[in-house]
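Chemist: What follows is a structure written as structure tokens; I'll ask about it next.
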Amino acid sequence: SFSTRISSSPSSSTSPSLITMADANPMKEIRVEKLILNCCVGESGDRLTRAARVLEQLTGQEPVYSKARYTVRSFGIRRNEKISVHVSVRGDKALEILERGLKVKEYELKSRNFSNTGNFGFGIAEHIDLGIKYDPSTGIYGMDFFVVLGRRGFRIGRRKLLPAKVGIQHKITKEESIQWFQTKYDGIVVNEA
């Protein structure tokens, strides 16, 4: 009969464990879009070029200089003066540098390190902790790590032709990014009082 043919068909004999898997939808998979490394020196000149050399040594990419938005006399900076360097890293290199940065933090972040849009960031005090050999002529620099997480389909918000909004169900929440960090890196998230 018709019902026995349906029950005996190979397509209907999928195991229930495959159906009940939470990550059955590949569109929902969270991945690292990019890692931004920022080293703010607070002054232009020799220290800034040395910090740029450190970032280039770490990533193998040429860093970009950032300028001060306005003059702050107490900080000793003028408007449009170059005060920091940053570099964006993507792909496997980003994951490898992120792993080294998290190892310095001992895979422990605070809940306030995570933004409401599902990204997270942290800082390290000394770049030599990342495995770069100490050079007395360069000095020691701290830097900020900022990780932008994304999903498949986020491009629709950025494309030139027919840009559209990413749906509310598809956006990454703070809770989802914390859960991703805990499962991928066995990380600890501390809720500070």
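Going by the structure tokens order, chains are called A, B, ..., each with residues numbered from 1, while ligands are numbered from 1 in the order shown.
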So that each row is one residue of range 49-70 of chain A with an atom at most 10 Å from range 77-82 of chain A, can you give its shortest atom pair and the distance in Å to one decimal, using only C-alpha atoms, rows by chain and rising number, as a tab-separated table?
Modeler:
residue	atom	partner	partner_atom	distance
A:Tyr65	CA	A:Lys82	CA	6.3
A:Ser66	CA	A:Lys82	CA	5.6
A:Lys67	CA	A:Lys82	CA	4.2
A:Ala68	CA	A:Asn80	CA	5.0
A:Arg69	CA	A:Arg79	CA	5.5
A:Tyr70	CA	A:Arg79	CA	4.2
Chemist: Contacts of Asp186 in chain A at 8 Å or less, counting only C-alpha atoms, minus same-chain residues fewer than 4 places along, as a ChimeraX atom specification?
Modeler: /A:107,181-182
Chemist: Write out the residues from the selection above, keeping N, CA, C and O atoms, as a PDB file, in the first residue's frame.
Modeler:
ATOM      1  N   TYR A 107      41.904  32.405  28.933  1.00  0.00           N
ATOM      2  CA  TYR A 107      40.546  32.092  28.466  1.00  0.00           C
ATOM      3  C   TYR A 107      39.474  32.577  29.440  1.00  0.00           C
ATOM      4  O   TYR A 107      38.433  31.953  29.604  1.00  0.00           O
ATOM      5  N   PHE A 181      31.715  31.566  22.766  1.00  0.00           N
ATOM      6  CA  PHE A 181      33.051  31.653  23.367  1.00  0.00           C
ATOM      7  C   PHE A 181      33.284  30.505  24.355  1.00  0.00           C
ATOM      8  O   PHE A 181      34.352  29.896  24.384  1.00  0.00           O
ATOM      9  N   GLN A 182      32.257  30.189  25.142  1.00  0.00           N
ATOM     10  CA  GLN A 182      32.398  29.120  26.142  1.00  0.00           C
ATOM     11  C   GLN A 182      32.532  27.748  25.494  1.00  0.00           C
ATOM     12  O   GLN A 182      33.294  26.909  25.967  1.00  0.00           O
TER      13      GLN A 182
END
Chemist: If I take CA of Ser88 in chain A and CA of Pro63 in chain A, how far is one from the other in Å, to one decimal?
Modeler: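 Calculated distance between CA of Ser88 in chain A and CA of Pro63 in chain A is 8.1 Å.
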Chemist: From the options A:Thr183, A:Gln57, A:Asn25, A:Thr49, which residue's atoms come nearest to Lys133 in chain A, counting only C-alpha atoms?
Modeler: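 Closest to Lys133 in chain A of all the choices is A:Gln57.
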Chemist: Would you mind listing what lies within 10 Å of Ser111 in chain A as a ChimeraX atom specification, with only C-alpha atoms counted and same-chain residues fewer than 3 positions away left out?
Modeler: /A:108,114-115,120,174-175,178,188-192
Chemist: Could you tell me how far CA of Leu102 in chain A lies from CA of Arg47 in chain A, in Å and to one decimal?
Modeler: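 Rounded to one decimal, the two atoms are 25.7 Å apart.
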Chemist: DSSP on the backbone: what in chain A comes out strand (DSSP E), as a PyMOL selection string?
Modeler: chain A and resi 31-40+64-67+82-89+108-110+120-124+143-150+188-190
Chemist: What is the CA of Lys34 in chain A to CA of Glu96 in chain A distance in Å?
Modeler: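 For CA of Lys34 in chain A relative to CA of Glu96 in chain A, the distance reads 11.8 Å.
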Chemist: May I ask which of the residues A:Asp92, A:Glu56, A:Glu43, A:Glu62 is the closest one to Ile132 in chain A, counting only C-alpha atoms?
Modeler: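 Smallest distance to Ile132 in chain A is found for A:Glu56.
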